[in-house]
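Reading through the structure tokens given below for one structure.
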Amino acid sequence: MDETSDEPPTSAVLLDNCHFSQVIFNNVDKFYVPGGDITCYYILTQNIVPRGKDWVGIFRVGWKTTREYYTFMWAPLPSDARSDAAVQQQIQFKGLLCLSEAYYLPKDDEYYQFCYVDQDGVVRGASVPFQFRAETEDDILVVTTQGEVEEIELQNKNLHKENKDLKASCASLKKQNIDLQKELNKMQELQNSLESLRSNTEKLQLELNSLKKENKQLKELDDCREAELHQLKEQIQNVTSDKERLETRLKTALDHMDQLQSQVLNYEKEVENLSLMDRDKTEQLESLKEENRQLRAIGTQQKEENKELERCVEYLKGSKAELALSQQNHDLMKELEEQKRLFQILQAKKNEANEENQKRREDELLRHLAQAEEVSSFSVASRAQAPIPSPEVGGLLFGNPYCEAANLVSKPDTTGHEFVVSIRKCPMCDEVFPEDSETSQYEAHVQSYFLECPLCSETFEKSNKQVFDDHIFCHSLE
């Protein structure tokens, strides 16, 4: 073998694990002259990716591992490494005279072959066998005697016998090699299992340590849980006592709610009666407004006639110097006096009608205010007495249409007379909503001061949130 400073990568891989079809050697001669240059031709197929540490070696036929090379050369990388097609390569072995000069020289009749080995030490291709021997001249005639022939035949017999013995020993060696290979595989398996057991032991040790830590943490958590359990038992006792107290309050509240429901039914009947009365009063008020409008129209007409009469008086004053018109002036003065007297009579009637309308409006307002005070006092008393108001009471609080009479104010019009404007007033914050505002806006404003039960739609004031929570808790007990 060559003694080089840069040894090629080899391995103990057997022939059964090699892939000889990935590199194909071609143009291999049967004989090469010892000491001459040898050019090796080979093809890299698509199944191999060449790398920088791949090499081509010369092996004696019958080699077992890649360590048994005689010499080697580094395999050059192809110029187009990205090509998917097969690539033709060549490499030249120079000065192989050493094969015939070293003490381990092969005999003339031994065969060799090229092998392509990758940088992992795996054989990827092998050539056909060839021999190293000197050139022979066919024109030389060799003359031998009969004794030499017999001696050669005897040598041949001895060689044949020796060859048979060698074949037998080779077979036994192969058998021993197979047995040793099996034992080696078993040893490798045992070594792998031993390493696996060692790694498992280390993992188990780590798991044991982690389990010890977890056990310690669980003990600490157990102590904490016991303390928390003691606190929870105390809390359960407190909750049980609170539950009994709330059940008592619930029973009282239910009794009180039954009473309030009966009262609400009575008040609803009264409210219906008030609604009918309010409708009648509204109709009367509309008729009075119509009469007032007619009287205003008459007063306007009388004012226009008075202006005409005043213009006539001024005209008559300017023509007093004319005697021919004095009689007409006298008649006109009488007519003017008559018109003034009629105007005074109409003015008095108008004043009386205005006074009567004013008294009627005041009486109506007093009645509506009294009714509204009764309804509002009922709603306030219901909120103060009942911690859990019924849905009917909540319905009266949200935009009660019969409480609008309490929100009537008087405003003067352009003629100096007062007329009634209806407004809505929030029962919670006293905010005023004009009549032209939307009812949904007013109801949404009032609704913002209440909480609604999602189970029975019962409403509660936000200020009584504890009552609302008790109500929800009562549902959870059902």
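Ordered as shown in the structure tokens, chains take letters A, B, and onward, while each chain numbers its residues from 1 and ligands are numbered from 1 in the order shown.
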TODO: Considering only C-alpha atoms, return as a PyMOL selection string whatever protein or nucleic-acid residues lie within 8 Å of stretch 75-78 of chain A, sequence-local ones (same chain, fewer than 5 positions apart) excluded.
DONE: chain A and resi 50-56+87+89+91
Open item on the list: To test your reading of the structure, identify every residue in stretch 45-274 of chain A that backbone DSSP assigns to strand (DSSP E), and report it as a PyMOL selection string.
Closed with: chain A and resi 55-60+69-74+87-93+112-117+123-126+131-132
TODO: Could you give me, as a PyMOL selection string, the residues within 12 Å of A:Ala85, counting only C-alpha atoms and dropping anything in the same chain fewer than 3 positions from it?
DONE: chain A and resi 43-49+78+80-82+88
Take the residues from that selection and put them in a file with C-alpha atoms, as a PDB file, in the first residue's frame.
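Generated file (result-v8.pdb):
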```pdb
ATOM      1  CA  ILE A  43     -18.981   7.399 -15.814  1.00  0.00           C
ATOM      2  CA  LEU A  44     -20.797   9.117 -12.929  1.00  0.00           C
ATOM      3  CA  THR A  45     -24.482   8.185 -13.147  1.00  0.00           C
ATOM      4  CA  GLN A  46     -27.452  10.239 -11.927  1.00  0.00           C
ATOM      5  CA  ASN A  47     -27.649   8.195  -8.714  1.00  0.00           C
ATOM      6  CA  ILE A  48     -24.438   9.624  -7.188  1.00  0.00           C
ATOM      7  CA  VAL A  49     -23.540  13.129  -6.052  1.00  0.00           C
ATOM      8  CA  PRO A  78     -17.129  17.264 -12.683  1.00  0.00           C
ATOM      9  CA  ASP A  80     -21.028  20.773 -14.434  1.00  0.00           C
ATOM     10  CA  ALA A  81     -22.044  19.584 -10.974  1.00  0.00           C
ATOM     11  CA  ARG A  82     -25.729  20.549 -11.440  1.00  0.00           C
ATOM     12  CA  GLN A  88     -17.665  10.862 -18.308  1.00  0.00           C
TER      13      GLN A  88
END
```
Open item on the list: Quick check, in Å to one decimal: how far apart do atom CA of A:Phe93 and atom CA of A:Val117 lie?
Closed with: 15.8 Å
Open item on the list: For A:Pro454, find every residue with an atom within 12 Å (counting only C-alpha atoms), except residues of its own chain fewer than 6 positions away, and show them as a PyMOL selection string.
Closed with: chain A and resi 460+468-469+471-472+475
Go ahead and write the residues just picked, all heavy atoms, as an mmCIF file, in the first residue's frame.
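Dumped to part.cif:
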```
data_model
loop_
_atom_site.group_PDB
_atom_site.id
_atom_site.type_symbol
_atom_site.label_atom_id
_atom_site.label_comp_id
_atom_site.auth_asym_id
_atom_site.auth_seq_id
_atom_site.Cartn_x
_atom_site.Cartn_y
_atom_site.Cartn_z
ATOM 1 N N PHE A 460 -85.263 46.524 37.978
ATOM 2 C CA PHE A 460 -84.823 47.025 39.277
ATOM 3 C C PHE A 460 -84.027 48.298 39.060
ATOM 4 O O PHE A 460 -83.376 48.466 38.019
ATOM 5 C CB PHE A 460 -83.935 45.986 40.001
ATOM 6 C CG PHE A 460 -84.602 44.671 40.220
ATOM 7 C CD1 PHE A 460 -84.529 43.682 39.244
ATOM 8 C CD2 PHE A 460 -85.308 44.408 41.371
ATOM 9 C CE1 PHE A 460 -85.135 42.468 39.420
ATOM 10 C CE2 PHE A 460 -85.909 43.180 41.551
ATOM 11 C CZ PHE A 460 -85.841 42.216 40.584
ATOM 12 N N PHE A 468 -81.208 43.400 43.162
ATOM 13 C CA PHE A 468 -81.129 42.710 41.858
ATOM 14 C C PHE A 468 -80.302 41.426 41.988
ATOM 15 O O PHE A 468 -80.696 40.380 41.472
ATOM 16 C CB PHE A 468 -80.511 43.649 40.827
ATOM 17 C CG PHE A 468 -80.267 43.022 39.503
ATOM 18 C CD1 PHE A 468 -81.310 42.745 38.624
ATOM 19 C CD2 PHE A 468 -78.971 42.677 39.125
ATOM 20 C CE1 PHE A 468 -81.074 42.155 37.401
ATOM 21 C CE2 PHE A 468 -78.732 42.075 37.898
ATOM 22 C CZ PHE A 468 -79.800 41.819 37.047
ATOM 23 N N ASP A 469 -79.155 41.494 42.696
ATOM 24 C CA ASP A 469 -78.327 40.299 42.889
ATOM 25 C C ASP A 469 -79.061 39.229 43.685
ATOM 26 O O ASP A 469 -78.977 38.036 43.374
ATOM 27 C CB ASP A 469 -77.021 40.670 43.596
ATOM 28 C CG ASP A 469 -76.156 41.578 42.745
ATOM 29 O OD1 ASP A 469 -76.325 41.559 41.512
ATOM 30 O OD2 ASP A 469 -75.307 42.293 43.317
ATOM 31 N N HIS A 471 -82.244 38.807 43.717
ATOM 32 C CA HIS A 471 -83.263 38.258 42.813
ATOM 33 C C HIS A 471 -82.650 37.201 41.892
ATOM 34 O O HIS A 471 -83.228 36.133 41.684
ATOM 35 C CB HIS A 471 -83.871 39.396 42.000
ATOM 36 C CG HIS A 471 -84.870 38.934 40.974
ATOM 37 N ND1 HIS A 471 -86.171 38.557 41.298
ATOM 38 C CD2 HIS A 471 -84.728 38.771 39.631
ATOM 39 C CE1 HIS A 471 -86.795 38.193 40.194
ATOM 40 N NE2 HIS A 471 -85.940 38.321 39.176
ATOM 41 N N ILE A 472 -81.475 37.497 41.309
ATOM 42 C CA ILE A 472 -80.800 36.526 40.435
ATOM 43 C C ILE A 472 -80.436 35.270 41.231
ATOM 44 O O ILE A 472 -80.563 34.140 40.738
ATOM 45 C CB ILE A 472 -79.548 37.159 39.824
ATOM 46 C CG1 ILE A 472 -79.906 38.345 38.928
ATOM 47 C CG2 ILE A 472 -78.755 36.132 39.017
ATOM 48 C CD1 ILE A 472 -80.746 37.974 37.729
ATOM 49 N N HIS A 475 -83.328 32.946 41.545
ATOM 50 C CA HIS A 475 -83.541 32.121 40.337
ATOM 51 C C HIS A 475 -82.638 30.900 40.349
ATOM 52 O O HIS A 475 -83.004 29.835 39.885
ATOM 53 C CB HIS A 475 -83.281 32.959 39.090
ATOM 54 C CG HIS A 475 -84.443 33.827 38.689
ATOM 55 N ND1 HIS A 475 -85.679 33.305 38.360
ATOM 56 C CD2 HIS A 475 -84.559 35.165 38.582
ATOM 57 C CE1 HIS A 475 -86.515 34.294 38.071
ATOM 58 N NE2 HIS A 475 -85.849 35.444 38.192
#
```
Task: One-decimal distance in Å that lies between atom CA of A:Asp118 and atom CA of A:Pro9 - done: 7.9 Å
Compile the contact shell of A:Ala134 as a compact mmCIF listing (two decimals) with C-alpha atoms, in the first residue's frame: residues with an atom at most 8 Å away, counting only C-alpha atoms, same-chain residues fewer than 5 positions apart removed.
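Result written to part_29.txt:
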```txt
# COMPACT_ATOMS: atom_id res chain seq x y z
CA TYR A 32 -1.32 -3.08 -17.81
CA VAL A 33 2.49 -2.75 -17.96
CA PRO A 34 4.02 -2.44 -14.47
```
Task: Residue with smallest distance to A:Arg424 - pool A:Glu214, A:Glu338, A:Glu283, A:Glu443, counting only C-alpha atoms - done: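 Of A:Glu214, A:Glu338, A:Glu283, A:Glu443, the one nearest A:Arg424 is A:Glu443, counting only C-alpha atoms.
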